[in-house]
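Right, one structure below, let's go through it.
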Amino acid sequence: MKRESANLQTAPLSDGVMVDYPLSAATADRSPVMENMLARARAFAEPLIADEKLDTGENTLAHADAVAAIVAKMGGSEAMQAASYLVYSCQHLNRPQEVIAKVFGDNFAALAVETTKLVRVQEQARTASQGHHAEGAGAQTENVRKMLLAFSRDLRVVMLRLASRLQTLRHAAASKQPAPESVARESLQVFAPLANRLGIWQVKWEIEDLSFRFLEPETYKLIARLLDEKRIEREGHVEQLRSQLERELQAEGVKATVQGRPKNIYSIVKKMRGKSLDFEQVFDILALRVVVPDVKDCYAALAWVHSHFQPIDEEFDDYIARPKPNGYQSLHTVVRELVDGKAGKPIEIQIRTEEMHDHAEHGVAAHWAYKEAGHKGYAGVWASGEYDAKIAVLRQLLAWERDLSGGLQGQGLFDDRIYVLTPDAAIVELPQGATPVDFAYTVHTTLGHRCRGARVDGAMVPLNTPLSNGQTVEIMAAKEGGPSRDWLNAELGYLASHRARAKVRAWFNAQITHETVARGRDAVEKLLQREGKTAMRLEDLASQLGFKSADHLFEVVGKDEFSLRNIETLLRPPEPPLNPDDGVQIKKARGSEKSGKGGVLVVGVSSLMTQLAKCCRPAPPDAIRGFVTRGHGVSVHRADCSNFRTMSAKDGERVIDVEWGQPKKGADAPVYAVDVAVEAADRQGLLRDISDVFAREKMNVIGVQTQSIKGTAWMTFTVEIADAARLTQVLGVVTAVTGVRSARRR
């Protein structure tokens with residue numbers, strides 16, 4: 001049969017086969033507004049998907065038919081129903097966006113392609129979450145939930161996915177083949193809360209029941225059987241109450257429609273578990289719904305109900321005067337029948353207008369917040385903030401969708417966030433405009449530092465390429481190295497994330513500090529070589545100089561904030577003139593007489609001069625050792641002095657035993673100079689406050705050295721003491737001074 005080129009358009013399939021479909025005059029003009037759009041979309045898709053099957057085994061065309069019907073029941077326009085068919089056509093076209101745009105317009109092409117991409121991303125994410133631990137899977141579920149809302153600027157993408165998932169569950173139930181656990185769990189944890197957020201309660205309840213049926217089949221069957229056993233008794237009683245209430249309200253002039261209100265199985269189980277109730281307690285409450293024309297009728301009906309039944313005061317809620325944050329309005333009351341003067345079973349009654357009922361069933365309200373069961377069970381958890389505000393706008397779009405069949409909808413809602421995937425399909429949330437470098441830093445700081453290249457959906461891209469929703473990003477990283485300074489240049493567009501930019505700056509700051517420390521270390525080590533002190537531990541040197549670590553010493557030396565002369569003074573202290581109180585007459589080893597003039601007894605050598613070493617400043621009752629110097633007599637050190645250990649290791653034969661002589665009493669008692677190192681948060685008046693402590697404790701301060709580095713004060717006080725044990729008590733008082741972190745004897 002000859003084809004009329006004016007009336008036929010050829011579409012290329014993915015396998016190269018060409019399919020013809022009708023092309024009307026409106027299509028030829030490429031107008032997106034077409035008559036009989038639903039029929040045309042089905043005619044377009046039928047040759048492509050009629051013989052295809054989904055992974056669930058369901059015929060693809062039958063699935064699309066069912067999705068279109070669900071969308072229609074949710075209130076979606078004919079245009080939105082038509083999109084149900086276009087989505088499943090994409091994978092069978094070589095250039096789906098181009099072909100669909102030519103026939104139905106750019107808006108439908110973008111919708112079909114974006115929805116198809118979202119399907120693929122969800123499949124990957126669901127597969128990845130199966131291998132995650134519970135906590136990781138929970139975070140992944142929340143990201144999938146956000147991505148569903150943020151993936152497209154067109155709300156219809158989300159609506160189509162809800163309808164498709166509901167049909168998938170319906171098909172599994174009808175075919176008596178259990179849905180995969182991952183699909184059922186994702187439906188319960190992602191799709192049902194999403195339907196709840198959008199206010200599509202009927203879809204929410206059905207998804208919950210079907211998902212629960214596959215996840216806990218035995219519990220589902222038990223509750224279903226219990227419901228069925230009481231069905232006849234319950235329905236008879238409910239019908240009696242329903243007809244009585246409707247008839248008597250009508251007699252009072254209130255045009256009311258009264259319905260029995262069913263309870264879905266999942267909500268029953270959730271309440272049983274959340275409130276630790278048994279089935280009888282949960283289901284013994286009869287439920288009725290009264291729908292009236294306007295608000296004044298609501299309160300008229302409430303007044304009649306409370307006058308003819310016994311109300312339970314604490315169970316009354318006026319959601320008309322005080323609507324729920326999600327816009328829900330209704331009167332809720334629980335009353336009891338009076339049977340022979342006695343209170344009977346509780347009856348839960350909801351009273352609302354037709355408009356309120358439409359909102360509660362189909363979700364077209366303009367304000368949004370959600371309430372879901374938290375980790376404690378039935379207790380509600382509320383969300384708020386900017387994210388919630390965006391969903392409120394989505395709720396408005398749901399109402400507008402009926403009137404907007406072809407226009408661009410929902411733009412700008414999620415312009416600040418995108419969601420991309422790692423190679424193993426974990427979802428990563430990023431700011432709009434984020435690049436592969438932002439992605440790398442979000443995954444791990446080290447990956448960001450070593451990032452050298454990126455593949456997006458399998459293709460190599462420059463590192464400053466902006467990413468889009470749903471893309472899969474793979475980072476090529478070097479084994480070592482750091483970031484480029486170009487990444488901090490805003491004009492080059494490598495980083496959109498403030499957090500990633502801060503990590504790059506921190507890396508370069510650390511490098512500067514590392515170079516400064518290395519420079520300071522080199523200077524200190526060269527000085528120690530010149531002084532012949534290479535055996536000295538660097539940590540000991542830093543501690544004696546008042547620094548908490550060697551690296552802190554090296555850093556200030558490298559910055560030229562600490563003079564090397566301070567280290568030279570420590571290594572080569574000036575020798576003071578002989579103090580008669582410090583010297584002793586040395587007795588021979590065989591004698592036992594104590595010296596009468598000094599405070600030190602040297603055993604084994606006679607007639608030697610002594611001096612107290614300034615590197616460690618010993619004082620009674622410190623354990624002490626002596627070292628015979630060249631030309632300066634015996635230098636007395638504390639036994640734990642690092643300088644003494646170094647000298648004794650080199651010239652052990654010059655070490656002699658020493659001990660303190662008999663201490664003198666009264667005014668003639670000798671005093672000893674010791675150094676006290678104090679570390680504190682620098683502040684005004686700190687030096688005065690510490691000096692006051694020494695003055696109150698009657699300790700004479702004969703020298704002070706102070707320096708402040710980055711808000712930390714390092715102080716060395718030289719004080720005169722008669723007994724080192726007394727100094728320990730005073731240091732406890734110094735530590736109590738405001739800002740002081742530590743006070744210790746050096």
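By convention here, the chains of the structure tokens are called A, B, ... in the order presented, each chain's residues are numbered starting at 1, and ligands are numbered starting at 1 in the order presented.
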Which neighbours of stretch 491-503 of chain A fall inside 7 Å, counting only C-alpha atoms, when residues of the same chain fewer than 4 positions from it are skipped, and could you give them as an NGL selection string?
:A and (431 or 433-435 or 437-438 or 441 or 463-464 or 487 or 507)
All helix (DSSP H, G or I) positions in stretch 593-711 of chain A, as JSON, numbers by chain
{"A": [642, 643, 644, 645, 646, 647, 648, 649, 650, 652, 653, 654, 666, 667, 668, 686, 687, 688, 689, 690, 691, 692, 693, 694, 695, 696]}
Quick one: write out the picked residues with N, CA and C atoms as a PDB file, in the first residue's frame?
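Result file follows (part_23.pdb):
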ATOM      1  N   SER A 642      67.457  16.647  81.237  1.00  0.00           N
ATOM      2  CA  SER A 642      67.838  16.108  79.928  1.00  0.00           C
ATOM      3  C   SER A 642      69.275  16.493  79.574  1.00  0.00           C
ATOM      4  N   ASN A 643      69.723  17.702  79.964  1.00  0.00           N
ATOM      5  CA  ASN A 643      71.114  18.090  79.695  1.00  0.00           C
ATOM      6  C   ASN A 643      72.081  17.184  80.446  1.00  0.00           C
ATOM      7  N   PHE A 644      71.735  16.855  81.705  1.00  0.00           N
ATOM      8  CA  PHE A 644      72.601  15.972  82.485  1.00  0.00           C
ATOM      9  C   PHE A 644      72.684  14.585  81.839  1.00  0.00           C
ATOM     10  N   ARG A 645      71.532  14.091  81.347  1.00  0.00           N
ATOM     11  CA  ARG A 645      71.558  12.777  80.699  1.00  0.00           C
ATOM     12  C   ARG A 645      72.466  12.801  79.477  1.00  0.00           C
ATOM     13  N   THR A 646      72.401  13.893  78.728  1.00  0.00           N
ATOM     14  CA  THR A 646      73.248  13.993  77.533  1.00  0.00           C
ATOM     15  C   THR A 646      74.729  14.022  77.918  1.00  0.00           C
ATOM     16  N   MET A 647      75.076  14.827  78.937  1.00  0.00           N
ATOM     17  CA  MET A 647      76.490  14.940  79.348  1.00  0.00           C
ATOM     18  C   MET A 647      76.997  13.646  79.962  1.00  0.00           C
ATOM     19  N   SER A 648      76.161  12.989  80.782  1.00  0.00           N
ATOM     20  CA  SER A 648      76.614  11.759  81.434  1.00  0.00           C
ATOM     21  C   SER A 648      76.801  10.640  80.420  1.00  0.00           C
ATOM     22  N   ALA A 649      75.978  10.650  79.344  1.00  0.00           N
ATOM     23  CA  ALA A 649      76.148   9.625  78.320  1.00  0.00           C
ATOM     24  C   ALA A 649      77.461   9.818  77.573  1.00  0.00           C
ATOM     25  N   LYS A 650      77.881  11.078  77.453  1.00  0.00           N
ATOM     26  CA  LYS A 650      79.110  11.376  76.702  1.00  0.00           C
ATOM     27  C   LYS A 650      80.353  11.245  77.572  1.00  0.00           C
ATOM     28  N   GLY A 652      80.746   9.867  81.108  1.00  0.00           N
ATOM     29  CA  GLY A 652      80.252   9.222  82.312  1.00  0.00           C
ATOM     30  C   GLY A 652      81.231   9.254  83.471  1.00  0.00           C
ATOM     31  N   GLU A 653      82.528   9.321  83.175  1.00  0.00           N
ATOM     32  CA  GLU A 653      83.521   9.302  84.251  1.00  0.00           C
ATOM     33  C   GLU A 653      83.525  10.598  85.062  1.00  0.00           C
ATOM     34  N   ARG A 654      82.847  11.622  84.565  1.00  0.00           N
ATOM     35  CA  ARG A 654      82.841  12.913  85.262  1.00  0.00           C
ATOM     36  C   ARG A 654      81.600  13.083  86.133  1.00  0.00           C
ATOM     37  N   GLY A 666      65.261  29.345 109.691  1.00  0.00           N
ATOM     38  CA  GLY A 666      65.155  30.763 109.982  1.00  0.00           C
ATOM     39  C   GLY A 666      65.625  31.643 108.847  1.00  0.00           C
ATOM     40  N   ALA A 667      66.123  32.831 109.222  1.00  0.00           N
ATOM     41  CA  ALA A 667      66.503  33.833 108.217  1.00  0.00           C
ATOM     42  C   ALA A 667      67.706  33.396 107.408  1.00  0.00           C
ATOM     43  N   ASP A 668      68.510  32.505 107.963  1.00  0.00           N
ATOM     44  CA  ASP A 668      69.713  32.057 107.243  1.00  0.00           C
ATOM     45  C   ASP A 668      69.427  30.924 106.262  1.00  0.00           C
ATOM     46  N   LEU A 686      46.446  39.217  82.728  1.00  0.00           N
ATOM     47  CA  LEU A 686      46.850  37.844  83.058  1.00  0.00           C
ATOM     48  C   LEU A 686      48.146  37.819  83.858  1.00  0.00           C
ATOM     49  N   LEU A 687      49.176  38.568  83.397  1.00  0.00           N
ATOM     50  CA  LEU A 687      50.476  38.580  84.081  1.00  0.00           C
ATOM     51  C   LEU A 687      50.322  39.101  85.504  1.00  0.00           C
ATOM     52  N   ARG A 688      49.493  40.149  85.679  1.00  0.00           N
ATOM     53  CA  ARG A 688      49.286  40.719  87.014  1.00  0.00           C
ATOM     54  C   ARG A 688      48.652  39.689  87.947  1.00  0.00           C
ATOM     55  N   ASP A 689      47.633  38.959  87.450  1.00  0.00           N
ATOM     56  CA  ASP A 689      46.921  38.008  88.302  1.00  0.00           C
ATOM     57  C   ASP A 689      47.825  36.869  88.757  1.00  0.00           C
ATOM     58  N   ILE A 690      48.692  36.392  87.846  1.00  0.00           N
ATOM     59  CA  ILE A 690      49.593  35.282  88.227  1.00  0.00           C
ATOM     60  C   ILE A 690      50.653  35.779  89.202  1.00  0.00           C
ATOM     61  N   SER A 691      51.168  36.982  88.946  1.00  0.00           N
ATOM     62  CA  SER A 691      52.188  37.548  89.855  1.00  0.00           C
ATOM     63  C   SER A 691      51.606  37.746  91.246  1.00  0.00           C
ATOM     64  N   ASP A 692      50.323  38.151  91.317  1.00  0.00           N
ATOM     65  CA  ASP A 692      49.684  38.331  92.626  1.00  0.00           C
ATOM     66  C   ASP A 692      49.647  37.029  93.413  1.00  0.00           C
ATOM     67  N   VAL A 693      49.447  35.893  92.706  1.00  0.00           N
ATOM     68  CA  VAL A 693      49.427  34.602  93.394  1.00  0.00           C
ATOM     69  C   VAL A 693      50.766  34.341  94.069  1.00  0.00           C
ATOM     70  N   PHE A 694      51.863  34.550  93.339  1.00  0.00           N
ATOM     71  CA  PHE A 694      53.197  34.320  93.923  1.00  0.00           C
ATOM     72  C   PHE A 694      53.436  35.259  95.097  1.00  0.00           C
ATOM     73  N   ALA A 695      52.943  36.510  94.967  1.00  0.00           N
ATOM     74  CA  ALA A 695      53.154  37.472  96.052  1.00  0.00           C
ATOM     75  C   ALA A 695      52.393  37.038  97.304  1.00  0.00           C
ATOM     76  N   ARG A 696      51.131  36.604  97.126  1.00  0.00           N
ATOM     77  CA  ARG A 696      50.341  36.157  98.280  1.00  0.00           C
ATOM     78  C   ARG A 696      50.962  34.934  98.951  1.00  0.00           C
TER      79      ARG A 696
END
Separation of atom CA of A:Gln167 from atom CA of A:Arg40 in Å
22.2 Å
Contacts of A:Ile265 within 8 Å, only C-alpha atoms, excl. fewer than 4 positions in-chain, as a VMD selection string:
chain A and resid 209 220 223 to 224 269
Skip stretch 565-573 of chain A itself and residues of its chain fewer than 2 positions away, then list as a ChimeraX atom specification all residues within 12 Å of it, counting only C-alpha atoms.
/A:523-534,536,538,540-546,553-554,557,560-563,575-576,612-617,642-644,646,705,707
With distances taken over only C-alpha atoms, which of A:Gln244, A:Ser182, A:Gln259, A:Asn700 is nearest to A:Leu727?
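Residue with the minimum atom-to-atom distance to A:Leu727: A:Asn700.
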Calculated over only C-alpha atoms, which of the candidates A:Val734, A:Leu93, A:Val334, A:Val628 has the smallest distance to A:Leu48?
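Closest candidate: A:Leu93.
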Hey, which of A:Gln432, A:Thr472, A:Asn59, A:Ser484 ends up closest to A:His449? Count only C-alpha atoms.
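Looking at the shortest contact to A:His449, the residue is A:Ser484.
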Please list as number ranges by chain every residue within 7 Å of A:Gly626, counting only C-alpha atoms and excluding residues in the same chain fewer than 4 positions away.
A: 634-637, 655-658
One number please: atom CA of A:Glu206 to atom CA of A:Leu169, in Å, one decimal.
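That distance, rounded to one decimal, is 9.2 Å.
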Can you pull out every residue from stretch 454-683 of chain A that DSSP, working from the backbone, puts in strand (DSSP E), and format the result as a CSV table (one decimal) with C-alpha atoms, in the first residue's frame?
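Contents of the output file selection06.csv:
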chain,number,residue,atom,x,y,z
A,454,ALA,CA,35.9,12.8,35.6
A,455,ARG,CA,33.4,10.7,33.5
A,456,VAL,CA,29.8,11.8,33.4
A,459,ALA,CA,32.0,10.3,28.8
A,460,MET,CA,35.1,12.3,29.8
A,461,VAL,CA,34.2,15.9,30.7
A,473,VAL,CA,29.7,10.7,38.0
A,474,GLU,CA,33.0,8.8,38.2
A,475,ILE,CA,36.2,10.5,39.4
A,476,MET,CA,39.7,9.7,38.2
A,477,ALA,CA,42.1,10.3,41.1
A,600,VAL,CA,75.2,20.3,99.0
A,601,LEU,CA,77.4,17.4,100.0
A,602,VAL,CA,79.7,15.9,97.4
A,610,THR,CA,79.8,23.7,93.4
A,611,GLN,CA,77.1,25.5,91.4
A,612,LEU,CA,73.4,24.8,90.8
A,624,ILE,CA,70.3,15.5,92.3
A,625,ARG,CA,73.5,14.4,90.5
A,626,GLY,CA,76.8,16.1,90.0
A,627,PHE,CA,78.9,16.7,86.9
A,628,VAL,CA,82.6,17.9,87.1
A,634,VAL,CA,80.9,20.7,90.1
A,635,SER,CA,77.6,21.5,88.3
A,636,VAL,CA,74.6,20.1,90.3
A,637,HIS,CA,71.6,19.0,88.2
A,638,ARG,CA,68.3,17.4,88.9
A,655,VAL,CA,79.6,12.1,87.0
A,656,ILE,CA,79.7,12.1,90.8
A,657,ASP,CA,77.2,11.5,93.5
A,658,VAL,CA,75.8,14.4,95.4
A,659,GLU,CA,73.1,15.0,98.0
A,660,TRP,CA,71.6,17.9,99.8
A,672,TYR,CA,66.8,28.4,95.3
A,673,ALA,CA,65.8,29.9,92.0
A,674,VAL,CA,63.4,27.7,89.9
A,675,ASP,CA,61.6,28.2,86.6
A,676,VAL,CA,57.8,27.8,86.3
A,677,ALA,CA,56.2,27.4,82.8
A,678,VAL,CA,52.6,28.7,82.5
A,679,GLU,CA,50.4,28.2,79.4
A,680,ALA,CA,47.2,30.3,79.3
A,681,ALA,CA,44.6,32.0,77.1
Nearby residues (only C-alpha atoms) at most 12 Å from A:Arg213, same-chain spacing under 2 positions excluded, as number ranges by chain
A: 169-170, 172-173, 176-181, 184-185, 187-188, 206-211, 215-224, 264-266, 269
Between A:Leu194, A:Ile721, A:Leu731, A:Val428, which one has atoms that come closest to A:Gln471, using only C-alpha atoms?
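Ranked by minimum distance to A:Gln471, first place goes to A:Val428.
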Do you know which residues are at most 6 Å from A:Ile100 counting only C-alpha atoms, after dropping those on the same chain fewer than 4 positions away, and could you put them as a PDB file with all heavy atoms, in the first residue's frame?
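That gives us out_2.pdb:
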ATOM      1  N   PRO A  96      14.690   9.985  21.139  1.00  0.00           N
ATOM      2  CA  PRO A  96      13.348  10.158  21.697  1.00  0.00           C
ATOM      3  C   PRO A  96      12.937  11.623  21.863  1.00  0.00           C
ATOM      4  O   PRO A  96      11.810  11.987  21.545  1.00  0.00           O
ATOM      5  CB  PRO A  96      13.428   9.444  23.048  1.00  0.00           C
ATOM      6  CG  PRO A  96      14.884   9.346  23.358  1.00  0.00           C
ATOM      7  CD  PRO A  96      15.581   9.228  22.048  1.00  0.00           C
ATOM      8  N   PHE A 104       4.581  15.975  19.495  1.00  0.00           N
ATOM      9  CA  PHE A 104       3.757  16.454  20.610  1.00  0.00           C
ATOM     10  C   PHE A 104       4.256  17.756  21.232  1.00  0.00           C
ATOM     11  O   PHE A 104       3.597  18.304  22.101  1.00  0.00           O
ATOM     12  CB  PHE A 104       3.695  15.378  21.707  1.00  0.00           C
ATOM     13  CG  PHE A 104       3.036  14.116  21.251  1.00  0.00           C
ATOM     14  CD1 PHE A 104       3.789  13.039  20.819  1.00  0.00           C
ATOM     15  CD2 PHE A 104       1.654  14.005  21.248  1.00  0.00           C
ATOM     16  CE1 PHE A 104       3.185  11.868  20.394  1.00  0.00           C
ATOM     17  CE2 PHE A 104       1.041  12.836  20.827  1.00  0.00           C
ATOM     18  CZ  PHE A 104       1.798  11.763  20.386  1.00  0.00           C
ATOM     19  N   ALA A 109       8.172  16.098  25.232  1.00  0.00           N
ATOM     20  CA  ALA A 109       9.427  15.384  24.990  1.00  0.00           C
ATOM     21  C   ALA A 109      10.299  15.412  26.242  1.00  0.00           C
ATOM     22  O   ALA A 109      10.857  14.385  26.662  1.00  0.00           O
ATOM     23  CB  ALA A 109      10.162  16.015  23.812  1.00  0.00           C
TER      24      ALA A 109
END
Mind pulling up the distance from atom CA of A:Val254 to atom CA of A:Pro293?
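Taking atom CA of A:Pro293 and atom CA of A:Val254, their separation equals 8.6 Å.
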Point out the residue among A:Ala743, A:Leu241, A:Ala163, A:Met609 with the least atom-to-atom distance to A:Val305, counting only C-alpha atoms.
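That would be A:Leu241, the residue with the smallest distance to A:Val305.
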